[in-house]
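Undergrad: Handing over query.cif, mmCIF, C-alpha atoms.
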```
data_model
loop_
_atom_site.group_PDB
_atom_site.id
_atom_site.type_symbol
_atom_site.label_atom_id
_atom_site.label_comp_id
_atom_site.auth_asym_id
_atom_site.auth_seq_id
_atom_site.Cartn_x
_atom_site.Cartn_y
_atom_site.Cartn_z
ATOM 1 C CA MET A 1 88.350 -76.315 -30.084
ATOM 2 C CA ASN A 2 86.744 -75.348 -33.347
ATOM 3 C CA ASN A 3 84.702 -77.643 -35.538
ATOM 4 C CA HIS A 4 84.347 -76.693 -39.152
ATOM 5 C CA PRO A 5 81.113 -77.390 -41.073
ATOM 6 C CA HIS A 6 80.836 -79.796 -43.955
ATOM 7 C CA ASN A 7 81.122 -77.631 -47.053
ATOM 8 C CA THR A 8 84.601 -76.294 -47.800
ATOM 9 C CA MET A 9 87.797 -77.455 -46.159
ATOM 10 C CA GLN A 10 90.166 -75.200 -44.243
ATOM 11 C CA LEU A 11 93.937 -75.586 -44.125
ATOM 12 C CA GLN A 12 94.080 -73.965 -40.682
ATOM 13 C CA ASN A 13 92.003 -71.975 -38.235
ATOM 14 C CA PRO A 14 94.006 -69.374 -36.281
ATOM 15 C CA THR A 15 91.046 -68.703 -33.939
ATOM 16 C CA ALA A 16 91.086 -72.291 -32.586
ATOM 17 C CA THR A 17 93.375 -72.012 -29.568
ATOM 18 C CA THR A 18 91.935 -74.461 -27.017
ATOM 19 C CA TYR A 19 93.903 -77.547 -26.010
ATOM 20 C CA CYS A 20 92.680 -81.011 -26.887
ATOM 21 C CA ASN A 21 93.666 -84.612 -26.347
ATOM 22 C CA GLU A 22 93.616 -86.484 -29.643
ATOM 23 C CA LEU A 23 92.753 -89.819 -28.046
ATOM 24 C CA ASP A 24 89.731 -88.255 -26.329
ATOM 25 C CA LEU A 25 88.621 -86.724 -29.637
ATOM 26 C CA ILE A 26 88.882 -90.123 -31.311
ATOM 27 C CA ALA A 27 86.803 -91.701 -28.556
ATOM 28 C CA GLN A 28 84.127 -89.028 -29.064
ATOM 29 C CA HIS A 29 83.961 -89.176 -32.856
ATOM 30 C CA LEU A 30 84.722 -92.746 -33.953
ATOM 31 C CA PRO A 31 83.107 -96.141 -33.242
ATOM 32 C CA LEU A 32 86.082 -98.203 -32.052
ATOM 33 C CA GLU A 33 84.313 -101.047 -30.250
ATOM 34 C CA ASN A 34 85.075 -104.296 -32.117
ATOM 35 C CA ALA A 35 86.405 -102.254 -35.039
ATOM 36 C CA ARG A 36 88.952 -103.520 -37.537
ATOM 37 C CA VAL A 37 91.461 -100.672 -37.541
ATOM 38 C CA LEU A 38 94.293 -99.829 -39.930
ATOM 39 C CA GLU A 39 96.965 -97.310 -38.950
ATOM 40 C CA LEU A 40 99.183 -96.077 -41.773
ATOM 41 C CA GLY A 41 102.645 -94.828 -40.851
ATOM 42 C CA CYS A 42 102.564 -95.821 -37.189
ATOM 43 C CA GLY A 43 106.136 -94.659 -36.469
ATOM 44 C CA LYS A 44 107.132 -95.643 -32.934
ATOM 45 C CA ALA A 45 103.535 -96.808 -32.352
ATOM 46 C CA GLN A 46 102.863 -94.527 -29.378
ATOM 47 C CA MET A 47 99.316 -93.703 -30.515
ATOM 48 C CA THR A 48 98.845 -97.313 -31.591
ATOM 49 C CA ARG A 49 99.493 -98.495 -28.048
ATOM 50 C CA ARG A 50 97.227 -95.879 -26.505
ATOM 51 C CA ILE A 51 94.353 -96.818 -28.816
ATOM 52 C CA ALA A 52 94.933 -100.540 -28.197
ATOM 53 C CA GLU A 53 94.858 -100.016 -24.414
ATOM 54 C CA ARG A 54 91.793 -97.790 -24.443
ATOM 55 C CA PHE A 55 89.834 -99.927 -26.914
ATOM 56 C CA PRO A 56 90.816 -103.541 -26.203
ATOM 57 C CA THR A 57 88.095 -104.921 -28.506
ATOM 58 C CA ALA A 58 89.536 -103.089 -31.528
ATOM 59 C CA ARG A 59 91.890 -105.086 -33.752
ATOM 60 C CA ILE A 60 94.682 -102.880 -35.067
ATOM 61 C CA ILE A 61 96.948 -103.422 -38.049
ATOM 62 C CA ALA A 62 99.769 -100.878 -37.750
ATOM 63 C CA THR A 63 101.920 -100.371 -40.849
ATOM 64 C CA GLU A 64 105.248 -98.574 -41.223
ATOM 65 C CA VAL A 65 107.233 -97.997 -44.410
ATOM 66 C CA ASP A 66 110.539 -97.228 -42.637
ATOM 67 C CA GLN A 67 112.220 -100.640 -42.328
ATOM 68 C CA ILE A 68 114.374 -99.636 -39.332
ATOM 69 C CA GLN A 69 111.361 -98.485 -37.355
ATOM 70 C CA HIS A 70 109.299 -101.493 -38.462
ATOM 71 C CA ALA A 71 112.020 -103.806 -37.094
ATOM 72 C CA HIS A 72 111.863 -101.943 -33.763
ATOM 73 C CA ASN A 73 108.078 -102.336 -33.734
ATOM 74 C CA LEU A 74 108.297 -106.074 -34.386
ATOM 75 C CA ALA A 75 110.871 -106.378 -31.597
ATOM 76 C CA GLN A 76 108.556 -104.679 -29.099
ATOM 77 C CA GLN A 77 105.551 -106.808 -30.112
ATOM 78 C CA ARG A 78 106.488 -109.574 -27.680
ATOM 79 C CA TYR A 79 107.028 -107.064 -24.880
ATOM 80 C CA LEU A 80 103.627 -105.517 -25.541
ATOM 81 C CA SER A 81 101.820 -108.839 -25.326
ATOM 82 C CA GLU A 82 103.813 -110.495 -22.539
ATOM 83 C CA VAL A 83 104.554 -107.517 -20.265
ATOM 84 C CA GLU A 84 101.858 -104.953 -21.001
ATOM 85 C CA GLY A 85 99.081 -107.377 -21.889
ATOM 86 C CA ILE A 86 98.350 -105.719 -25.237
ATOM 87 C CA HIS A 87 97.325 -108.407 -27.715
ATOM 88 C CA ASN A 88 95.355 -106.488 -30.316
ATOM 89 C CA ILE A 89 98.134 -104.951 -32.454
ATOM 90 C CA GLU A 90 99.652 -106.532 -35.562
ATOM 91 C CA PHE A 91 102.671 -104.743 -37.060
ATOM 92 C CA LYS A 92 103.148 -104.899 -40.825
ATOM 93 C CA ALA A 93 105.621 -103.334 -43.230
ATOM 94 C CA GLY A 94 103.855 -101.320 -45.870
ATOM 95 C CA SER A 95 103.051 -97.947 -47.368
ATOM 96 C CA ALA A 96 99.859 -95.911 -47.557
ATOM 97 C CA GLN A 97 99.952 -95.855 -51.342
ATOM 98 C CA ALA A 98 99.881 -99.676 -51.632
ATOM 99 C CA ILE A 99 97.850 -101.112 -48.758
ATOM 100 C CA ASP A 100 98.018 -104.856 -48.222
ATOM 101 C CA ALA A 101 94.349 -105.352 -47.336
ATOM 102 C CA PRO A 102 91.277 -106.522 -49.258
ATOM 103 C CA ASP A 103 88.635 -104.141 -50.573
ATOM 104 C CA ASN A 104 85.920 -103.149 -48.073
ATOM 105 C CA SER A 105 87.669 -104.871 -45.147
ATOM 106 C CA ILE A 106 88.522 -102.040 -42.702
ATOM 107 C CA ASP A 107 86.225 -100.094 -40.359
ATOM 108 C CA LEU A 108 88.594 -97.252 -39.441
ATOM 109 C CA VAL A 109 91.809 -95.856 -40.912
ATOM 110 C CA PHE A 110 94.187 -93.620 -38.964
ATOM 111 C CA MET A 111 97.000 -91.432 -40.253
ATOM 112 C CA PHE A 112 98.682 -89.565 -37.408
ATOM 113 C CA LYS A 113 100.844 -86.820 -38.925
ATOM 114 C CA SER A 114 101.920 -89.260 -41.632
ATOM 115 C CA LEU A 115 100.124 -88.156 -44.826
ATOM 116 C CA HIS A 116 102.648 -85.376 -45.430
ATOM 117 C CA HIS A 117 105.420 -88.013 -45.300
ATOM 118 C CA VAL A 118 103.919 -89.832 -48.308
ATOM 119 C CA PRO A 119 105.756 -88.836 -51.532
ATOM 120 C CA PRO A 120 103.709 -85.930 -52.946
ATOM 121 C CA THR A 121 103.045 -87.662 -56.272
ATOM 122 C CA LEU A 122 101.527 -90.608 -54.352
ATOM 123 C CA MET A 123 99.302 -88.763 -51.847
ATOM 124 C CA ALA A 124 96.213 -88.991 -54.085
ATOM 125 C CA GLN A 125 96.870 -92.692 -54.571
ATOM 126 C CA ALA A 126 97.116 -93.162 -50.798
ATOM 127 C CA LEU A 127 93.650 -91.631 -50.343
ATOM 128 C CA GLN A 128 92.288 -93.845 -53.131
ATOM 129 C CA GLU A 129 93.753 -96.834 -51.307
ATOM 130 C CA ILE A 130 92.157 -95.744 -48.028
ATOM 131 C CA ALA A 131 88.789 -95.519 -49.782
ATOM 132 C CA ARG A 132 89.326 -98.922 -51.372
ATOM 133 C CA VAL A 133 90.026 -100.808 -48.138
ATOM 134 C CA LEU A 134 87.380 -99.055 -46.041
ATOM 135 C CA LYS A 135 83.971 -100.669 -45.749
ATOM 136 C CA PRO A 136 81.163 -98.479 -47.104
ATOM 137 C CA GLY A 137 80.437 -96.015 -44.296
ATOM 138 C CA GLY A 138 83.857 -96.721 -42.768
ATOM 139 C CA MET A 139 85.771 -93.718 -41.479
ATOM 140 C CA ALA A 140 89.235 -92.211 -41.786
ATOM 141 C CA TRP A 141 90.910 -89.919 -39.242
ATOM 142 C CA ILE A 142 93.737 -87.887 -40.743
ATOM 143 C CA SER A 143 95.592 -85.619 -38.326
ATOM 144 C CA GLU A 144 98.079 -83.099 -39.644
ATOM 145 C CA PRO A 145 100.167 -80.438 -37.907
ATOM 146 C CA VAL A 146 99.269 -76.866 -38.809
ATOM 147 C CA TYR A 147 102.184 -74.766 -40.038
ATOM 148 C CA ALA A 148 102.247 -72.324 -37.116
ATOM 149 C CA GLY A 149 103.439 -71.987 -33.544
ATOM 150 C CA ASP A 150 106.739 -71.855 -31.644
ATOM 151 C CA PHE A 151 107.550 -75.535 -32.134
ATOM 152 C CA ASN A 152 107.104 -75.220 -35.887
ATOM 153 C CA GLU A 153 109.441 -72.206 -35.883
ATOM 154 C CA ILE A 154 112.181 -74.407 -34.374
ATOM 155 C CA LEU A 155 111.455 -77.395 -36.615
ATOM 156 C CA ARG A 156 111.568 -75.409 -39.830
ATOM 157 C CA LEU A 157 115.128 -74.281 -39.107
ATOM 158 C CA PHE A 158 116.248 -77.750 -40.224
ATOM 159 C CA HIS A 159 113.131 -79.431 -41.609
ATOM 160 C CA ASP A 160 110.653 -77.098 -43.291
ATOM 161 C CA GLU A 161 107.426 -78.974 -44.056
ATOM 162 C CA LYS A 162 105.341 -76.080 -45.355
ATOM 163 C CA VAL A 163 105.045 -77.385 -48.918
ATOM 164 C CA VAL A 164 104.412 -81.060 -48.123
ATOM 165 C CA ARG A 165 101.811 -80.180 -45.481
ATOM 166 C CA GLU A 166 99.975 -77.988 -47.985
ATOM 167 C CA LEU A 167 100.134 -80.792 -50.558
ATOM 168 C CA ALA A 168 98.721 -83.265 -48.017
ATOM 169 C CA PHE A 169 95.831 -80.897 -47.305
ATOM 170 C CA GLN A 170 95.226 -80.447 -51.030
ATOM 171 C CA ALA A 171 95.180 -84.218 -51.557
ATOM 172 C CA VAL A 172 92.471 -84.629 -48.916
ATOM 173 C CA SER A 173 90.489 -81.704 -50.362
ATOM 174 C CA ASP A 174 90.732 -83.211 -53.847
ATOM 175 C CA ALA A 175 89.556 -86.615 -52.582
ATOM 176 C CA VAL A 176 86.532 -84.957 -50.958
ATOM 177 C CA THR A 177 85.759 -82.887 -54.065
ATOM 178 C CA ALA A 178 85.972 -86.026 -56.213
ATOM 179 C CA GLY A 179 83.637 -87.904 -53.879
ATOM 180 C CA THR A 180 86.255 -90.553 -53.104
ATOM 181 C CA LEU A 181 85.737 -89.747 -49.424
ATOM 182 C CA GLU A 182 83.122 -87.582 -47.722
ATOM 183 C CA LEU A 183 84.055 -84.878 -45.224
ATOM 184 C CA VAL A 184 82.317 -85.495 -41.896
ATOM 185 C CA GLU A 185 84.001 -82.607 -40.096
ATOM 186 C CA GLN A 186 87.240 -80.806 -39.438
ATOM 187 C CA ILE A 187 88.443 -80.226 -35.893
ATOM 188 C CA PHE A 188 91.019 -77.567 -35.057
ATOM 189 C CA CYS A 189 92.733 -77.252 -31.674
ATOM 190 C CA ASN A 190 96.136 -77.288 -29.999
ATOM 191 C CA THR A 191 97.960 -80.401 -28.900
ATOM 192 C CA GLU A 192 100.825 -80.136 -26.439
ATOM 193 C CA SER A 193 104.406 -81.307 -26.896
ATOM 194 C CA ARG A 194 106.590 -81.633 -23.830
ATOM 195 C CA PHE A 195 110.322 -82.169 -23.594
ATOM 196 C CA ALA A 196 112.428 -82.452 -20.443
ATOM 197 C CA ASP A 197 115.354 -80.752 -22.172
ATOM 198 C CA PHE A 198 117.120 -80.293 -25.513
ATOM 199 C CA ASN A 199 118.600 -83.780 -25.301
ATOM 200 C CA GLU A 200 115.110 -85.291 -25.419
ATOM 201 C CA PHE A 201 114.196 -83.037 -28.364
ATOM 202 C CA ASP A 202 117.377 -84.186 -30.126
ATOM 203 C CA GLN A 203 116.541 -87.861 -29.585
ATOM 204 C CA ARG A 204 112.839 -87.668 -30.463
ATOM 205 C CA ILE A 205 112.865 -85.134 -33.281
ATOM 206 C CA ILE A 206 116.301 -84.741 -34.852
ATOM 207 C CA GLN A 207 117.442 -88.378 -34.612
ATOM 208 C CA VAL A 208 114.328 -90.000 -36.169
ATOM 209 C CA THR A 209 115.099 -92.857 -38.546
ATOM 210 C CA HIS A 210 112.547 -91.972 -41.246
ATOM 211 C CA THR A 211 114.270 -88.691 -42.147
ATOM 212 C CA ASN A 212 117.992 -88.057 -42.353
ATOM 213 C CA HIS A 213 118.417 -84.639 -40.725
ATOM 214 C CA GLN A 214 121.868 -83.315 -41.594
ATOM 215 C CA LEU A 215 122.627 -80.371 -39.312
ATOM 216 C CA ASP A 216 126.044 -78.761 -39.434
ATOM 217 C CA ASP A 217 127.397 -77.545 -36.111
ATOM 218 C CA ALA A 218 126.333 -73.917 -36.588
ATOM 219 C CA LEU A 219 122.740 -74.886 -37.406
ATOM 220 C CA TYR A 220 122.665 -77.410 -34.551
ATOM 221 C CA GLN A 221 123.715 -74.691 -32.104
ATOM 222 C CA THR A 222 121.075 -72.311 -33.514
ATOM 223 C CA VAL A 223 118.349 -74.938 -33.066
ATOM 224 C CA LYS A 224 119.592 -75.671 -29.552
ATOM 225 C CA ALA A 225 119.580 -71.993 -28.557
ATOM 226 C CA ARG A 226 116.103 -71.449 -30.035
ATOM 227 C CA PHE A 227 114.782 -74.515 -28.201
ATOM 228 C CA ASN A 228 116.443 -73.634 -24.882
ATOM 229 C CA ALA A 229 114.688 -70.245 -24.902
ATOM 230 C CA HIS A 230 111.492 -72.220 -24.186
ATOM 231 C CA VAL A 231 112.863 -74.366 -21.340
ATOM 232 C CA GLY A 232 111.503 -73.582 -17.882
ATOM 233 C CA ALA A 233 111.557 -75.310 -14.516
ATOM 234 C CA ASP A 234 109.439 -78.190 -15.823
ATOM 235 C CA GLY A 235 111.107 -78.462 -19.233
ATOM 236 C CA ALA A 236 109.737 -77.112 -22.499
ATOM 237 C CA ARG A 237 106.061 -77.080 -23.464
ATOM 238 C CA PHE A 238 104.700 -76.159 -26.853
ATOM 239 C CA ALA A 239 101.160 -75.535 -28.072
ATOM 240 C CA ASN A 240 100.983 -77.157 -31.496
ATOM 241 C CA PRO A 241 98.057 -76.173 -33.729
ATOM 242 C CA ALA A 242 96.561 -79.288 -35.301
ATOM 243 C CA ARG A 243 93.906 -80.200 -37.844
ATOM 244 C CA PHE A 244 91.901 -83.410 -37.663
ATOM 245 C CA ASP A 245 90.055 -84.309 -40.859
ATOM 246 C CA VAL A 246 87.257 -86.806 -40.219
ATOM 247 C CA LEU A 247 86.288 -88.579 -43.439
ATOM 248 C CA ARG A 248 83.869 -91.313 -44.457
ATOM 249 C CA LYS A 249 83.697 -93.713 -47.366
ATOM 250 C CA PRO A 250 80.393 -93.106 -49.170
ATOM 251 C CA LEU A 251 77.756 -95.787 -48.646
ATOM 252 C CA ASN A 252 77.077 -95.696 -52.363
ATOM 253 C CA THR A 253 80.493 -96.537 -53.795
ATOM 254 C CA ARG A 254 79.405 -96.819 -57.418
ATOM 255 C CA ALA A 255 80.654 -93.265 -57.851
ATOM 256 C CA LEU A 256 84.189 -94.606 -57.337
ATOM 257 C CA LEU A 257 84.037 -97.094 -60.179
#
```
Spell out the structure here as C-alpha coordinates.
TA:
Amino acid sequence: MNNHPHNTMQLQNPTATTYCNELDLIAQHLPLENARVLELGCGKAQMTRRIAERFPTARIIATEVDQIQHAHNLAQQRYLSEVEGIHNIEFKAGSAQAIDAPDNSIDLVFMFKSLHHVPPTLMAQALQEIARVLKPGGMAWISEPVYAGDFNEILRLFHDEKVVRELAFQAVSDAVTAGTLELVEQIFCNTESRFADFNEFDQRIIQVTHTNHQLDDALYQTVKARFNAHVGADGARFANPARFDVLRKPLNTRALL
(Lines of atoms letter the chains of each structure in order from A and count residues from 1; the text may use other names and numbers.)
(Lines give C-alpha, C1' and ligand atoms only; values in the text may rest on other atoms or scores of the structure.)
Protein backbone atom coordinates (compact mmCIF):
# COMPACT_ATOMS: atom_id res chain seq x y z
CA MET A 1 0.00 0.00 0.00
CA ASN A 2 1.22 3.48 -0.75
CA ASN A 3 -0.02 6.63 0.91
CA HIS A 4 0.53 9.86 -0.93
CA PRO A 5 1.28 13.11 0.96
CA HIS A 6 -1.01 16.09 1.04
CA ASN A 7 0.33 18.42 -1.63
CA THR A 8 -0.31 17.34 -5.22
CA MET A 9 -2.68 14.60 -6.29
CA GLN A 10 -1.67 11.55 -8.30
CA LEU A 11 -3.84 9.80 -10.87
CA GLN A 12 -2.09 6.48 -10.21
CA ASN A 13 0.95 4.99 -8.53
CA PRO A 14 2.45 2.03 -10.41
CA THR A 15 4.77 1.20 -7.48
CA ALA A 16 1.82 0.46 -5.14
CA THR A 17 1.31 -3.28 -5.62
CA THR A 18 0.21 -4.56 -2.20
CA TYR A 19 -3.29 -5.94 -1.70
CA CYS A 20 -5.78 -4.16 0.51
CA ASN A 21 -9.31 -4.61 1.78
CA GLU A 22 -11.30 -1.43 1.24
CA LEU A 23 -13.56 -2.02 4.24
CA ASP A 24 -10.52 -2.38 6.50
CA LEU A 25 -9.06 0.84 5.09
CA ILE A 26 -12.32 2.64 5.80
CA ALA A 27 -12.32 1.35 9.37
CA GLN A 28 -8.77 2.66 9.83
CA HIS A 29 -9.28 6.10 8.31
CA LEU A 30 -12.86 7.19 8.99
CA PRO A 31 -14.91 7.73 12.18
CA LEU A 32 -18.01 5.61 11.51
CA GLU A 33 -19.37 5.19 15.03
CA ASN A 34 -22.77 6.92 15.21
CA ALA A 35 -22.02 8.63 11.90
CA ARG A 36 -24.67 9.86 9.49
CA VAL A 37 -23.45 8.37 6.22
CA LEU A 38 -24.41 9.09 2.62
CA GLU A 39 -23.43 6.70 -0.17
CA LEU A 40 -23.80 8.03 -3.70
CA GLY A 41 -24.31 5.50 -6.48
CA CYS A 42 -24.67 2.43 -4.28
CA GLY A 43 -25.34 0.03 -7.18
CA LYS A 44 -26.24 -3.41 -5.85
CA ALA A 45 -25.41 -2.15 -2.33
CA GLN A 46 -22.75 -4.78 -1.60
CA MET A 47 -20.43 -2.28 0.13
CA THR A 48 -23.45 -0.65 1.76
CA ARG A 49 -24.35 -3.92 3.45
CA ARG A 50 -20.79 -4.60 4.56
CA ILE A 51 -20.48 -1.15 6.12
CA ALA A 52 -23.89 -1.47 7.79
CA GLU A 53 -22.94 -4.85 9.30
CA ARG A 54 -19.52 -3.73 10.48
CA PHE A 55 -20.70 -0.39 11.87
CA PRO A 56 -24.22 -0.99 13.23
CA THR A 57 -24.35 2.45 14.89
CA ALA A 58 -23.85 4.23 11.56
CA ARG A 59 -27.00 5.40 9.77
CA ILE A 60 -26.63 5.02 6.02
CA ILE A 61 -28.58 6.70 3.24
CA ALA A 62 -27.73 4.84 0.03
CA THR A 63 -28.73 6.55 -3.22
CA GLU A 64 -28.86 5.15 -6.76
CA VAL A 65 -29.73 6.99 -9.96
CA ASP A 66 -30.47 3.84 -12.00
CA GLN A 67 -34.20 3.26 -11.45
CA ILE A 68 -34.03 -0.49 -12.19
CA GLN A 69 -31.31 -1.03 -9.61
CA HIS A 70 -33.03 1.26 -7.10
CA ALA A 71 -36.19 -0.87 -7.38
CA HIS A 72 -34.10 -3.98 -6.67
CA ASN A 73 -32.58 -2.25 -3.64
CA LEU A 74 -35.99 -1.29 -2.27
CA ALA A 75 -37.17 -4.87 -2.79
CA GLN A 76 -34.26 -6.26 -0.76
CA GLN A 77 -34.75 -3.74 2.07
CA ARG A 78 -37.30 -5.95 3.82
CA TYR A 79 -35.05 -8.99 3.45
CA LEU A 80 -32.13 -7.08 4.93
CA SER A 81 -34.08 -6.02 8.00
CA GLU A 82 -36.15 -9.16 8.59
CA VAL A 83 -33.66 -11.90 7.61
CA GLU A 84 -30.22 -10.37 8.03
CA GLY A 85 -31.05 -8.02 10.89
CA ILE A 86 -29.68 -4.95 9.11
CA HIS A 87 -31.80 -1.95 10.07
CA ASN A 88 -29.49 0.99 9.42
CA ILE A 89 -29.79 1.43 5.63
CA GLU A 90 -32.28 3.70 3.87
CA PHE A 91 -32.41 3.43 0.06
CA LYS A 92 -33.24 6.56 -1.92
CA ALA A 93 -33.40 7.37 -5.61
CA GLY A 94 -31.12 10.24 -6.47
CA SER A 95 -27.99 11.48 -8.20
CA ALA A 96 -24.69 12.82 -6.90
CA GLN A 97 -25.16 16.11 -8.71
CA ALA A 98 -28.45 16.90 -6.92
CA ILE A 99 -28.34 15.46 -3.40
CA ASP A 100 -31.59 15.40 -1.45
CA ALA A 101 -30.11 16.33 1.93
CA PRO A 102 -29.84 19.56 3.92
CA ASP A 103 -26.65 21.60 4.14
CA ASN A 104 -24.16 20.49 6.81
CA SER A 105 -26.14 17.34 7.67
CA ILE A 106 -23.82 14.43 6.75
CA ASP A 107 -20.73 13.13 8.57
CA LEU A 108 -19.32 10.89 5.83
CA VAL A 109 -19.88 10.56 2.08
CA PHE A 110 -18.88 7.48 0.09
CA MET A 111 -18.53 7.07 -3.66
CA PHE A 112 -17.40 3.55 -4.54
CA LYS A 113 -16.28 3.56 -8.18
CA SER A 114 -19.24 5.79 -9.01
CA LEU A 115 -17.80 9.27 -9.66
CA HIS A 116 -16.72 8.31 -13.17
CA HIS A 117 -20.34 7.29 -13.89
CA VAL A 118 -21.54 10.86 -13.24
CA PRO A 119 -21.98 12.76 -16.56
CA PRO A 120 -18.64 14.55 -17.09
CA THR A 121 -20.21 18.01 -17.25
CA LEU A 122 -21.77 17.38 -13.81
CA MET A 123 -18.78 15.93 -11.92
CA ALA A 124 -17.74 19.32 -10.51
CA GLN A 125 -21.31 19.94 -9.41
CA ALA A 126 -21.37 16.56 -7.66
CA LEU A 127 -18.30 17.51 -5.62
CA GLN A 128 -19.88 20.88 -4.78
CA GLU A 129 -22.95 19.00 -3.59
CA ILE A 130 -20.83 16.68 -1.45
CA ALA A 131 -19.19 19.71 0.16
CA ARG A 132 -22.59 21.32 0.71
CA VAL A 133 -24.16 18.39 2.57
CA LEU A 134 -21.09 17.50 4.63
CA LYS A 135 -20.78 18.99 8.10
CA PRO A 136 -17.67 21.16 8.51
CA GLY A 137 -14.85 18.68 9.12
CA GLY A 138 -16.95 15.89 7.60
CA MET A 139 -15.14 13.50 5.29
CA ALA A 140 -15.58 12.01 1.83
CA TRP A 141 -14.11 8.71 0.60
CA ILE A 142 -13.93 8.50 -3.18
CA SER A 143 -12.59 5.24 -4.58
CA GLU A 144 -11.80 4.96 -8.26
CA PRO A 145 -10.32 2.14 -10.34
CA VAL A 146 -6.91 2.87 -11.82
CA TYR A 147 -6.68 2.37 -15.58
CA ALA A 148 -4.24 -0.56 -15.50
CA GLY A 149 -4.10 -4.29 -14.94
CA ASP A 150 -5.37 -7.47 -16.61
CA PHE A 151 -9.01 -6.92 -15.63
CA ASN A 152 -8.98 -3.45 -17.15
CA GLU A 153 -7.52 -4.90 -20.37
CA ILE A 154 -10.58 -7.17 -20.65
CA LEU A 155 -13.08 -4.48 -19.66
CA ARG A 156 -11.81 -1.95 -22.17
CA LEU A 157 -12.50 -4.33 -25.05
CA PHE A 158 -16.18 -3.40 -24.70
CA HIS A 159 -16.27 -0.55 -22.17
CA ASP A 160 -13.25 1.74 -22.23
CA GLU A 161 -13.37 4.11 -19.25
CA LYS A 162 -10.01 5.82 -19.69
CA VAL A 163 -11.43 9.27 -20.44
CA VAL A 164 -14.19 9.33 -17.81
CA ARG A 165 -11.83 8.06 -15.11
CA GLU A 166 -9.35 10.81 -15.94
CA LEU A 167 -12.16 13.38 -15.85
CA ALA A 168 -13.29 12.09 -12.44
CA PHE A 169 -9.74 12.45 -11.12
CA GLN A 170 -9.51 15.96 -12.57
CA ALA A 171 -12.80 16.93 -10.93
CA VAL A 172 -11.50 15.87 -7.52
CA SER A 173 -8.19 17.66 -8.12
CA ASP A 174 -10.03 20.83 -9.14
CA ALA A 175 -12.24 20.68 -6.03
CA VAL A 176 -9.12 20.39 -3.85
CA THR A 177 -7.34 23.21 -5.69
CA ALA A 178 -10.41 25.42 -5.28
CA GLY A 179 -10.60 24.66 -1.57
CA THR A 180 -14.07 23.14 -1.88
CA LEU A 181 -12.67 20.02 -0.22
CA GLU A 182 -9.31 19.40 1.44
CA LEU A 183 -7.13 16.43 0.55
CA VAL A 184 -6.40 14.35 3.65
CA GLU A 185 -4.52 11.62 1.80
CA GLN A 186 -4.48 9.35 -1.20
CA ILE A 187 -4.13 5.60 -0.78
CA PHE A 188 -3.00 3.36 -3.63
CA CYS A 189 -3.16 -0.44 -3.53
CA ASN A 190 -4.65 -3.45 -5.29
CA THR A 191 -8.10 -4.84 -4.64
CA GLU A 192 -8.97 -8.33 -5.79
CA SER A 193 -11.80 -9.39 -8.10
CA ARG A 194 -12.78 -13.03 -8.18
CA PHE A 195 -15.04 -14.85 -10.60
CA ALA A 196 -15.93 -18.55 -10.61
CA ASP A 197 -16.12 -18.56 -14.40
CA PHE A 198 -17.00 -16.46 -17.45
CA ASN A 199 -20.70 -16.86 -16.76
CA GLU A 200 -20.31 -14.99 -13.47
CA PHE A 201 -18.28 -12.27 -15.22
CA ASP A 202 -21.05 -11.99 -17.83
CA GLN A 203 -23.74 -11.61 -15.16
CA ARG A 204 -21.86 -9.20 -12.89
CA ILE A 205 -20.03 -7.05 -15.42
CA ILE A 206 -21.58 -7.26 -18.89
CA GLN A 207 -25.24 -7.51 -17.85
CA VAL A 208 -25.30 -4.52 -15.44
CA THR A 209 -28.44 -2.40 -15.69
CA HIS A 210 -26.75 1.02 -15.44
CA THR A 211 -24.88 0.62 -18.74
CA ASN A 212 -26.19 -0.96 -21.92
CA HIS A 213 -23.25 -3.03 -23.17
CA GLN A 214 -23.91 -3.99 -26.79
CA LEU A 215 -21.46 -6.73 -27.76
CA ASP A 216 -21.76 -8.37 -31.15
CA ASP A 217 -20.97 -12.07 -31.25
CA ALA A 218 -17.38 -11.65 -32.45
CA LEU A 219 -16.55 -9.18 -29.67
CA TYR A 220 -18.34 -11.34 -27.09
CA GLN A 221 -16.21 -14.33 -28.09
CA THR A 222 -13.04 -12.21 -27.92
CA VAL A 223 -13.91 -11.04 -24.40
CA LYS A 224 -14.72 -14.60 -23.38
CA ALA A 225 -11.42 -15.96 -24.72
CA ARG A 226 -9.42 -13.16 -23.06
CA PHE A 227 -11.19 -13.79 -19.75
CA ASN A 228 -10.84 -17.58 -19.92
CA ALA A 229 -7.06 -17.21 -20.28
CA HIS A 230 -7.11 -16.15 -16.60
CA VAL A 231 -9.28 -19.00 -15.29
CA GLY A 232 -7.51 -21.55 -13.10
CA ALA A 233 -8.62 -24.32 -10.77
CA ASP A 234 -10.22 -21.84 -8.37
CA GLY A 235 -11.69 -19.54 -11.03
CA ALA A 236 -10.26 -16.22 -12.14
CA ARG A 237 -8.54 -13.71 -9.85
CA PHE A 238 -7.50 -10.23 -10.82
CA ALA A 239 -5.37 -7.64 -9.03
CA ASN A 240 -7.10 -4.32 -9.65
CA PRO A 241 -5.09 -1.16 -8.96
CA ALA A 242 -7.24 1.30 -7.03
CA ARG A 243 -7.03 4.86 -5.75
CA PHE A 244 -8.79 6.03 -2.60
CA ASP A 245 -9.05 9.80 -2.23
CA VAL A 246 -9.75 10.81 1.37
CA LEU A 247 -11.20 14.33 1.50
CA ARG A 248 -12.50 16.67 4.18
CA LYS A 249 -14.84 19.63 4.17
CA PRO A 250 -12.92 22.63 5.52
CA LEU A 251 -13.87 23.70 9.04
CA ASN A 252 -13.91 27.28 7.82
CA THR A 253 -16.49 27.12 5.04
CA ARG A 254 -16.64 30.85 4.35
CA ALA A 255 -14.25 30.21 1.48
CA LEU A 256 -17.08 28.34 -0.27
CA LEU A 257 -19.49 31.24 -0.22
Undergrad: For A:Leu115, which residue among A:Leu127, A:Ala45, A:Ile206, A:Ala225 is the nearest when counting only C-alpha atoms?
TA: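 Among the listed residues, the smallest separation from A:Leu115 belongs to A:Leu127.
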Undergrad: What is the atom CA of A:Ala236-atom CA of A:Cys20 distance in Å, reported with one decimal?
TA: 18.0 Å
Undergrad: Work out where the centre of an axis-aligned box around every listed atom of stretch 217-236 of chain A lies and how long its edges are once 6 Å is added on each side; give both in Å to one decimal as lines of an AutoDock Vina configuration file.
TA:
```
center_x = 118.4
center_y = -74.4
center_z = -26.0
size_x = 30.0
size_y = 20.2
size_z = 34.9
```
Undergrad: Report the distance between atom CA of A:Ala27 and atom CA of A:Ile142 in Å, rounded to one decimal place.
TA: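 One can read the atom CA of A:Ala27 to atom CA of A:Ile142 distance as 14.5 Å.
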Undergrad: Pick from A:Leu38, A:Met47, A:Leu80, A:Ile26: nearest to A:Ile99, with all atoms listed in the file counted?
TA: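 Looking at the shortest contact to A:Ile99, the residue is A:Leu38.
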